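Okay, input_15.txt now, which holds compact mmCIF, C-alpha atoms:
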# COMPACT_ATOMS: atom_id res chain seq x y z
CA MET A 57 -4.04 -29.69 -16.58
CA SER A 58 -6.12 -29.13 -19.71
CA TYR A 59 -6.94 -25.74 -21.18
CA ASN A 60 -10.57 -26.36 -20.23
CA SER A 61 -9.62 -26.71 -16.57
CA PRO A 62 -11.78 -24.71 -14.09
CA PHE A 63 -8.53 -23.68 -12.34
CA LEU A 64 -7.17 -22.18 -15.54
CA LEU A 65 -10.44 -20.37 -16.19
CA LEU A 66 -10.47 -19.04 -12.64
CA THR A 67 -6.86 -17.88 -12.98
CA VAL A 68 -7.58 -16.11 -16.26
CA GLY A 69 -10.68 -14.55 -14.70
CA VAL A 70 -8.71 -13.23 -11.75
CA LEU A 71 -6.00 -11.88 -14.04
CA CYS A 72 -8.65 -10.11 -16.10
CA LEU A 73 -10.17 -8.66 -12.93
CA HIS A 74 -6.83 -7.11 -11.98
CA THR A 75 -6.61 -5.51 -15.40
CA VAL A 76 -10.19 -4.24 -15.21
CA VAL A 77 -9.72 -2.51 -11.86
CA GLY A 78 -6.67 -0.79 -13.33
CA VAL A 79 -3.95 -1.35 -10.74
CA ASN A 80 -0.44 -1.35 -12.14
CA ILE A 81 2.10 -2.56 -9.57
CA ILE A 82 5.75 -1.64 -10.06
CA SER A 83 7.62 -4.65 -8.67
CA ARG A 84 10.48 -4.52 -6.21
CA ALA A 85 12.83 -5.56 -9.02
CA GLN A 86 11.57 -2.68 -11.19
CA TRP A 87 12.22 -0.01 -8.56
CA GLY A 88 15.50 -1.57 -7.42
CA ALA A 89 14.68 -2.89 -3.94
CA ARG A 90 17.25 -4.35 -1.61
CA ALA A 91 16.55 -7.82 -0.26
CA PRO A 92 14.81 -7.87 3.13
CA THR A 93 16.86 -9.09 6.08
CA SER A 94 13.91 -11.14 7.34
CA THR A 95 10.32 -11.88 6.33
CA SER A 96 7.19 -12.76 8.29
CA TYR A 97 3.99 -13.74 6.54
CA LEU A 98 0.47 -12.36 6.82
CA SER A 99 -2.59 -14.53 6.67
CA ASN A 100 -5.39 -13.75 4.24
CA GLY A 101 -8.69 -12.27 5.31
CA LEU A 102 -7.29 -9.18 7.05
CA SER A 103 -9.86 -6.77 8.42
CA ILE A 104 -7.81 -3.53 8.42
CA ALA A 105 -6.23 -1.31 5.75
CA VAL A 106 -4.18 1.67 6.96
CA ILE A 107 -3.40 4.71 4.81
CA HIS A 108 -0.15 6.61 5.40
CA HIS A 109 1.96 9.27 3.76
CA THR A 110 5.73 9.10 3.60
CA ALA A 111 6.18 12.77 4.64
CA SER A 112 9.00 12.84 2.07
CA ALA A 113 9.43 14.51 -1.31
CA TYR A 114 6.60 14.19 -3.81
CA CYS A 115 7.28 12.37 -7.07
CA SER A 116 5.51 12.42 -10.43
CA THR A 117 7.50 10.09 -12.71
CA GLN A 118 8.36 6.42 -12.39
CA ALA A 119 12.08 7.26 -12.23
CA ASP A 120 11.58 9.83 -9.44
CA CYS A 121 9.11 7.64 -7.54
CA SER A 122 11.44 4.64 -7.77
CA GLN A 123 14.23 6.79 -6.30
CA GLN A 124 11.94 7.96 -3.49
CA VAL A 125 10.96 4.36 -2.68
CA ARG A 126 14.65 3.36 -2.57
CA ASN A 127 15.32 6.33 -0.26
CA ILE A 128 12.46 5.29 2.03
CA GLN A 129 13.66 1.69 2.09
CA LYS A 130 17.19 2.85 2.92
CA TYR A 131 15.90 5.01 5.78
CA HIS A 132 13.67 2.26 7.18
CA MET A 133 16.41 -0.38 7.02
CA ASP A 134 19.53 1.64 7.84
CA SER A 135 18.20 4.28 10.25
CA SER A 136 15.18 2.55 11.79
CA GLY A 137 16.74 -0.94 11.78
CA TRP A 138 13.71 -2.57 10.15
CA ASP A 139 13.85 -5.73 8.04
CA ASP A 140 12.65 -3.88 4.93
CA ILE A 141 10.60 -0.90 3.83
CA GLY A 142 7.71 -0.54 6.26
CA TYR A 143 4.71 -0.41 3.91
CA ASN A 144 3.09 -3.14 1.87
CA PHE A 145 2.54 -0.74 -1.04
CA LEU A 146 3.28 2.88 -1.92
CA ILE A 147 1.47 5.13 -4.39
CA GLY A 148 3.38 7.69 -6.39
CA GLY A 149 2.25 10.97 -7.87
CA ASP A 150 2.53 9.20 -11.22
CA GLY A 151 -0.54 7.16 -10.21
CA GLN A 152 1.35 3.90 -10.04
CA VAL A 153 1.51 1.47 -7.14
CA TYR A 154 4.99 0.47 -5.94
CA GLU A 155 5.38 -2.89 -4.24
CA GLY A 156 6.82 -2.40 -0.76
CA ARG A 157 6.73 -5.59 1.26
CA GLY A 158 3.90 -6.71 -1.02
CA TRP A 159 1.09 -9.20 -0.54
CA ASN A 160 1.07 -11.52 2.45
CA ILE A 161 4.15 -9.98 4.12
CA VAL A 162 3.88 -8.37 7.57
CA GLY A 163 4.75 -4.68 7.35
CA ALA A 164 6.20 -2.26 9.89
CA HIS A 165 3.73 0.59 9.66
CA VAL A 166 1.39 0.48 12.70
CA THR A 167 2.56 -0.69 16.11
CA ASN A 168 0.51 -3.66 17.36
CA ARG A 169 -1.47 -3.84 14.09
CA ASN A 170 1.15 -4.94 11.55
CA SER A 171 0.10 -8.59 11.57
CA LYS A 172 -3.56 -7.63 11.21
CA SER A 173 -3.39 -5.01 8.47
CA ILE A 174 -2.11 -3.96 5.10
CA GLY A 175 -0.27 -0.62 4.92
CA ILE A 176 -0.56 1.68 1.91
CA SER A 177 1.46 4.89 1.83
CA PHE A 178 1.18 7.84 -0.55
CA ILE A 179 4.61 9.18 -1.49
CA GLY A 180 4.89 12.80 -0.39
CA ASN A 181 3.71 15.07 2.39
CA TYR A 182 -0.07 15.36 2.26
CA ASN A 183 -0.23 18.27 4.64
CA ASN A 184 1.32 20.13 1.69
CA ASN A 185 0.33 18.04 -1.35
CA ARG A 186 -3.15 17.00 -2.43
CA PRO A 187 -3.67 13.45 -3.71
CA THR A 188 -4.28 13.37 -7.45
CA ALA A 189 -7.20 11.62 -9.11
CA ALA A 190 -4.70 9.06 -10.46
CA GLN A 191 -3.43 8.32 -6.93
CA ILE A 192 -6.94 8.03 -5.53
CA ASN A 193 -7.95 5.68 -8.35
CA ALA A 194 -4.80 3.60 -7.84
CA ALA A 195 -5.45 3.29 -4.09
CA LYS A 196 -9.06 2.26 -4.63
CA ALA A 197 -8.01 -0.25 -7.31
CA LEU A 198 -5.34 -1.65 -4.99
CA LEU A 199 -7.90 -2.08 -2.20
CA ALA A 200 -10.32 -3.78 -4.62
CA THR A 201 -7.50 -6.08 -5.74
CA ALA A 202 -6.67 -6.89 -2.10
CA VAL A 203 -10.29 -7.95 -1.59
CA SER A 204 -10.36 -9.98 -4.82
CA LYS A 205 -7.12 -11.74 -3.80
CA GLY A 206 -8.53 -12.49 -0.36
CA GLN A 207 -5.85 -10.39 1.37
CA LEU A 208 -8.58 -8.15 2.79
CA LYS A 209 -12.08 -9.18 3.85
CA SER A 210 -14.82 -7.57 1.78
CA ASP A 211 -15.99 -5.72 4.91
CA TYR A 212 -12.51 -4.46 5.90
CA ALA A 213 -12.17 -1.19 7.81
CA LEU A 214 -10.07 1.66 6.40
CA TYR A 215 -8.14 3.93 8.76
CA GLY A 216 -5.66 6.76 8.60
CA HIS A 217 -2.44 6.11 10.54
CA ARG A 218 -3.41 8.87 13.00
CA HIS A 219 -6.21 6.65 14.29
CA PHE A 220 -3.60 4.41 15.94
CA LYS A 221 -0.90 6.92 16.91
CA ALA A 222 -0.55 10.61 17.75
CA THR A 223 0.71 11.70 14.32
CA GLU A 224 -0.31 13.92 11.42
CA CYS A 225 -0.03 10.91 9.12
CA PRO A 226 -1.47 10.59 6.47
CA GLY A 227 -1.53 14.39 6.26
CA ASN A 228 -4.68 16.51 6.45
CA ASN A 229 -5.34 16.64 2.71
CA LEU A 230 -5.14 12.87 2.29
CA TYR A 231 -7.01 12.23 5.54
CA ASN A 232 -9.87 14.45 4.39
CA GLU A 233 -10.00 12.47 1.14
CA ILE A 234 -10.08 9.00 2.70
CA LYS A 235 -12.80 10.11 5.14
CA THR A 236 -15.13 10.11 2.12
CA TRP A 237 -14.35 6.47 1.17
CA PRO A 238 -16.97 3.82 1.96
CA ARG A 239 -14.94 1.68 4.38
CA PHE A 240 -13.43 4.57 6.38
CA LYS A 241 -13.71 4.28 10.17
CA VAL A 242 -13.10 6.94 12.82
Starting from the file, give its structure as structure tokens.
Amino acid sequence: MSYNSPFLLLTVGVLCLHTVVGVNIISRAQWGARAPTSTSYLSNGLSIAVIHHTASAYCSTQADCSQQVRNIQKYHMDSSGWDDIGYNFLIGGDGQVYEGRGWNIVGAHVTNRNSKSIGISFIGNYNNNRPTAAQINAAKALLATAVSKGQLKSDYALYGHRHFKATECPGNNLYNEIKTWPRFKV
């Protein structure tokens, strides 16, 4: 492949787009993930994004958020018996995105919708905490990246977890925030 290849230019363009939208994803290796016990793959062109909260402790540094993500993974795998952490991505109070199951991997976050959706969880309890501007920007950038990667359709629908289950998730403060986002559905 030459350096003038359209594929190379497209790849560079996509990489630049990810930088422009400002999403910084902390990889599983960076936060110290355990290996999943099994993996199922998502197709591209999903039509649903679901916002959650972890209902756990809030974190504001990469070290603390990484510990919280490890704690959540441990709970999901050891107590719930899941193959891995339930969410595709998590957003810390530090404004960074933490890779959960990641792109194109079926999560365990919404019964009967896991193979049709991407799950994004804010770390903390958003009945108590309020999402920060950095978290909101990170979530919006992550959603824009999901569209640019083809993971989500451009006309995807955004829901809070409570839409699919009798739960307080994603917490009233976060739910009230996402209700103002363009793709939110009731």
field: Length of the atom CA of A:Thr223 to atom CA of A:Gly88 vector [Å]
entry: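 About the pair atom CA of A:Thr223 and atom CA of A:Gly88: they are 29.5 Å apart.
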field: Residue nearest A:Ala195 among A:Ser83, A:Ala164, A:Ser96, A:Gln152 (counting only C-alpha atoms)
entry: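 Under the stated criterion, the closest residue is A:Gln152.
Restricting the calculation to only C-alpha atoms, the smallest distance between A:Ser94 and any of A:Cys115, A:Cys121, A:Ile107, A:Val162 is found for A:Val162.
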Exercise: residues within 9 Å of coordinate (0.3, -10.8, 11.2), counting only C-alpha atoms, as JSON, numbers by chain: {"A": [96, 97, 98, 99, 102, 160, 161, 162, 163, 169, 170, 171, 172, 173]}
Could you turn the residues from that selection into a file that holds C-alpha atoms, as a PDB file, keeping the file's coordinate frame?
ATOM      1  CA  SER A  96       7.190 -12.760   8.290  1.00  0.00           C
ATOM      2  CA  TYR A  97       3.990 -13.740   6.540  1.00  0.00           C
ATOM      3  CA  LEU A  98       0.470 -12.360   6.820  1.00  0.00           C
ATOM      4  CA  SER A  99      -2.590 -14.530   6.670  1.00  0.00           C
ATOM      5  CA  LEU A 102      -7.290  -9.180   7.050  1.00  0.00           C
ATOM      6  CA  ASN A 160       1.070 -11.520   2.450  1.00  0.00           C
ATOM      7  CA  ILE A 161       4.150  -9.980   4.120  1.00  0.00           C
ATOM      8  CA  VAL A 162       3.880  -8.370   7.570  1.00  0.00           C
ATOM      9  CA  GLY A 163       4.750  -4.680   7.350  1.00  0.00           C
ATOM     10  CA  ARG A 169      -1.470  -3.840  14.090  1.00  0.00           C
ATOM     11  CA  ASN A 170       1.150  -4.940  11.550  1.00  0.00           C
ATOM     12  CA  SER A 171       0.100  -8.590  11.570  1.00  0.00           C
ATOM     13  CA  LYS A 172      -3.560  -7.630  11.210  1.00  0.00           C
ATOM     14  CA  SER A 173      -3.390  -5.010   8.470  1.00  0.00           C
TER      15      SER A 173
END
task: Could you check how far atom CA of A:Gly149 sits from atom CA of A:His109, in Å to one decimal?
output: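 So the two atoms, atom CA of A:Gly149 and atom CA of A:His109, lie 11.8 Å apart.
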- request: In Å, rounded to a single decimal, give me how far atom CA of A:Arg218 is from atom CA of A:Gly148.
  value: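 Here the two named atoms are 20.6 Å from each other.
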- request: Counting only C-alpha atoms, find the residues whose atoms lie at most 7 Å from (8.5, 9.0, -0.4) (file coordinates) and write them out as a VMD selection string.
  value: chain A and resid 110 to 114 124 to 125 128 179 to 180
query: When distances are computed from all atoms listed in the file, which of A:Arg186, A:His132, A:Arg157, A:His108 shows the smallest separation from A:Gly216?
result: A:His108
- request: Just the residues within 7 Å of A:Leu230, please, counting all atoms listed in the file, with nothing from its chain fewer than 3 positions along; format it as a PyMOL selection string.
  value: chain A and resi 182+186-187+226-227+233-234
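You can rank A:Ala202, A:Val106, A:Leu146, A:Ala194 by their closest distance to A:His217 using all atoms listed in the file, and at the top of that list sits A:Val106.
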message: So that I can check the surroundings of A:Leu199, please list as JSON, numbers by chain every protein, DNA and RNA residue that reaches within 12 Å of it, counting all atoms listed in the file and ignoring chain neighbours fewer than 4 positions away.
response: {"A": [74, 77, 78, 79, 102, 103, 104, 105, 106, 107, 144, 145, 153, 159, 173, 174, 175, 176, 192, 193, 194, 195, 203, 204, 205, 206, 207, 208, 209, 210, 211, 212, 213, 214, 237, 238, 239]}
query: For A:Trp87, which residue among A:Gln129, A:Asn168, A:Asn228, A:Asn185 is the nearest when counting only C-alpha atoms?
result: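 The answer is A:Gln129, which sits nearest to A:Trp87.
Nearest residue to A:Gln86, choosing from A:Tyr143, A:Tyr154, A:Tyr231, A:Tyr131 and counting only C-alpha atoms: A:Tyr154.
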Got a minute to add all heavy atoms to stretch 90-101 of chain A and dump it as a PDB file, keeping the file's coordinate frame?
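Okay, out00.pdb is ready:
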ATOM      1  N   ARG A  90      16.303  -3.470  -2.274  1.00  0.00           N
ATOM      2  CA  ARG A  90      17.250  -4.350  -1.610  1.00  0.00           C
ATOM      3  C   ARG A  90      16.484  -5.553  -1.082  1.00  0.00           C
ATOM      4  O   ARG A  90      15.272  -5.481  -0.852  1.00  0.00           O
ATOM      5  CB  ARG A  90      17.893  -3.625  -0.417  1.00  0.00           C
ATOM      6  CG  ARG A  90      18.805  -2.508  -0.827  1.00  0.00           C
ATOM      7  CD  ARG A  90      19.186  -1.558   0.293  1.00  0.00           C
ATOM      8  NE  ARG A  90      19.508  -2.149   1.586  1.00  0.00           N
ATOM      9  CZ  ARG A  90      19.732  -1.416   2.683  1.00  0.00           C
ATOM     10  NH1 ARG A  90      19.668  -0.095   2.634  1.00  0.00           N
ATOM     11  NH2 ARG A  90      20.031  -2.002   3.824  1.00  0.00           N
ATOM     12  N   ALA A  91      17.177  -6.633  -0.850  1.00  0.00           N
ATOM     13  CA  ALA A  91      16.550  -7.820  -0.260  1.00  0.00           C
ATOM     14  C   ALA A  91      16.233  -7.536   1.203  1.00  0.00           C
ATOM     15  O   ALA A  91      17.012  -6.875   1.898  1.00  0.00           O
ATOM     16  CB  ALA A  91      17.465  -9.023  -0.382  1.00  0.00           C
ATOM     17  N   PRO A  92      15.100  -8.030   1.709  1.00  0.00           N
ATOM     18  CA  PRO A  92      14.810  -7.870   3.130  1.00  0.00           C
ATOM     19  C   PRO A  92      15.768  -8.710   3.962  1.00  0.00           C
ATOM     20  O   PRO A  92      16.305  -9.707   3.482  1.00  0.00           O
ATOM     21  CB  PRO A  92      13.373  -8.381   3.265  1.00  0.00           C
ATOM     22  CG  PRO A  92      13.179  -9.305   2.110  1.00  0.00           C
ATOM     23  CD  PRO A  92      14.062  -8.788   1.002  1.00  0.00           C
ATOM     24  N   THR A  93      15.988  -8.306   5.196  1.00  0.00           N
ATOM     25  CA  THR A  93      16.860  -9.090   6.080  1.00  0.00           C
ATOM     26  C   THR A  93      16.093 -10.225   6.741  1.00  0.00           C
ATOM     27  O   THR A  93      16.692 -11.180   7.225  1.00  0.00           O
ATOM     28  CB  THR A  93      17.509  -8.207   7.153  1.00  0.00           C
ATOM     29  OG1 THR A  93      16.473  -7.569   7.915  1.00  0.00           O
ATOM     30  CG2 THR A  93      18.411  -7.144   6.521  1.00  0.00           C
ATOM     31  N   SER A  94      14.769 -10.117   6.758  1.00  0.00           N
ATOM     32  CA  SER A  94      13.910 -11.140   7.340  1.00  0.00           C
ATOM     33  C   SER A  94      12.501 -10.924   6.806  1.00  0.00           C
ATOM     34  O   SER A  94      12.158  -9.810   6.400  1.00  0.00           O
ATOM     35  CB  SER A  94      13.918 -11.012   8.867  1.00  0.00           C
ATOM     36  OG  SER A  94      13.077 -11.962   9.453  1.00  0.00           O
ATOM     37  N   THR A  95      11.691 -11.976   6.821  1.00  0.00           N
ATOM     38  CA  THR A  95      10.320 -11.880   6.330  1.00  0.00           C
ATOM     39  C   THR A  95       9.387 -12.674   7.228  1.00  0.00           C
ATOM     40  O   THR A  95       9.685 -13.816   7.573  1.00  0.00           O
ATOM     41  CB  THR A  95      10.224 -12.424   4.884  1.00  0.00           C
ATOM     42  OG1 THR A  95      11.109 -11.676   4.054  1.00  0.00           O
ATOM     43  CG2 THR A  95       8.821 -12.311   4.340  1.00  0.00           C
ATOM     44  N   SER A  96       8.269 -12.076   7.582  1.00  0.00           N
ATOM     45  CA  SER A  96       7.190 -12.760   8.290  1.00  0.00           C
ATOM     46  C   SER A  96       5.945 -12.652   7.419  1.00  0.00           C
ATOM     47  O   SER A  96       5.732 -11.631   6.755  1.00  0.00           O
ATOM     48  CB  SER A  96       6.912 -12.109   9.644  1.00  0.00           C
ATOM     49  OG  SER A  96       8.038 -12.209  10.474  1.00  0.00           O
ATOM     50  N   TYR A  97       5.117 -13.672   7.470  1.00  0.00           N
ATOM     51  CA  TYR A  97       3.990 -13.740   6.540  1.00  0.00           C
ATOM     52  C   TYR A  97       2.668 -13.399   7.200  1.00  0.00           C
ATOM     53  O   TYR A  97       2.423 -13.750   8.353  1.00  0.00           O
ATOM     54  CB  TYR A  97       3.936 -15.127   5.896  1.00  0.00           C
ATOM     55  CG  TYR A  97       5.149 -15.343   5.035  1.00  0.00           C
ATOM     56  CD1 TYR A  97       6.283 -15.982   5.536  1.00  0.00           C
ATOM     57  CD2 TYR A  97       5.187 -14.863   3.738  1.00  0.00           C
ATOM     58  CE1 TYR A  97       7.413 -16.134   4.756  1.00  0.00           C
ATOM     59  CE2 TYR A  97       6.318 -15.018   2.957  1.00  0.00           C
ATOM     60  CZ  TYR A  97       7.426 -15.656   3.466  1.00  0.00           C
ATOM     61  OH  TYR A  97       8.553 -15.798   2.689  1.00  0.00           O
ATOM     62  N   LEU A  98       1.826 -12.693   6.428  1.00  0.00           N
ATOM     63  CA  LEU A  98       0.470 -12.360   6.820  1.00  0.00           C
ATOM     64  C   LEU A  98      -0.472 -13.475   6.403  1.00  0.00           C
ATOM     65  O   LEU A  98      -0.242 -14.128   5.376  1.00  0.00           O
ATOM     66  CB  LEU A  98      -0.009 -11.097   6.088  1.00  0.00           C
ATOM     67  CG  LEU A  98       0.470  -9.743   6.545  1.00  0.00           C
ATOM     68  CD1 LEU A  98       0.073  -8.673   5.531  1.00  0.00           C
ATOM     69  CD2 LEU A  98      -0.092  -9.407   7.908  1.00  0.00           C
ATOM     70  N   SER A  99      -1.533 -13.628   7.124  1.00  0.00           N
ATOM     71  CA  SER A  99      -2.590 -14.530   6.670  1.00  0.00           C
ATOM     72  C   SER A  99      -3.516 -13.735   5.748  1.00  0.00           C
ATOM     73  O   SER A  99      -3.446 -12.512   5.687  1.00  0.00           O
ATOM     74  CB  SER A  99      -3.369 -15.079   7.862  1.00  0.00           C
ATOM     75  OG  SER A  99      -3.942 -14.014   8.597  1.00  0.00           O
ATOM     76  N   ASN A 100      -4.368 -14.420   5.052  1.00  0.00           N
ATOM     77  CA  ASN A 100      -5.390 -13.750   4.240  1.00  0.00           C
ATOM     78  C   ASN A 100      -6.552 -13.367   5.134  1.00  0.00           C
ATOM     79  O   ASN A 100      -6.611 -13.733   6.307  1.00  0.00           O
ATOM     80  CB  ASN A 100      -5.859 -14.670   3.114  1.00  0.00           C
ATOM     81  CG  ASN A 100      -4.966 -14.576   1.901  1.00  0.00           C
ATOM     82  OD1 ASN A 100      -4.390 -13.531   1.617  1.00  0.00           O
ATOM     83  ND2 ASN A 100      -4.835 -15.664   1.185  1.00  0.00           N
ATOM     84  N   GLY A 101      -7.486 -12.641   4.585  1.00  0.00           N
ATOM     85  CA  GLY A 101      -8.690 -12.270   5.310  1.00  0.00           C
ATOM     86  C   GLY A 101      -8.461 -11.211   6.372  1.00  0.00           C
ATOM     87  O   GLY A 101      -9.110 -11.223   7.422  1.00  0.00           O
TER      88      GLY A 101
END
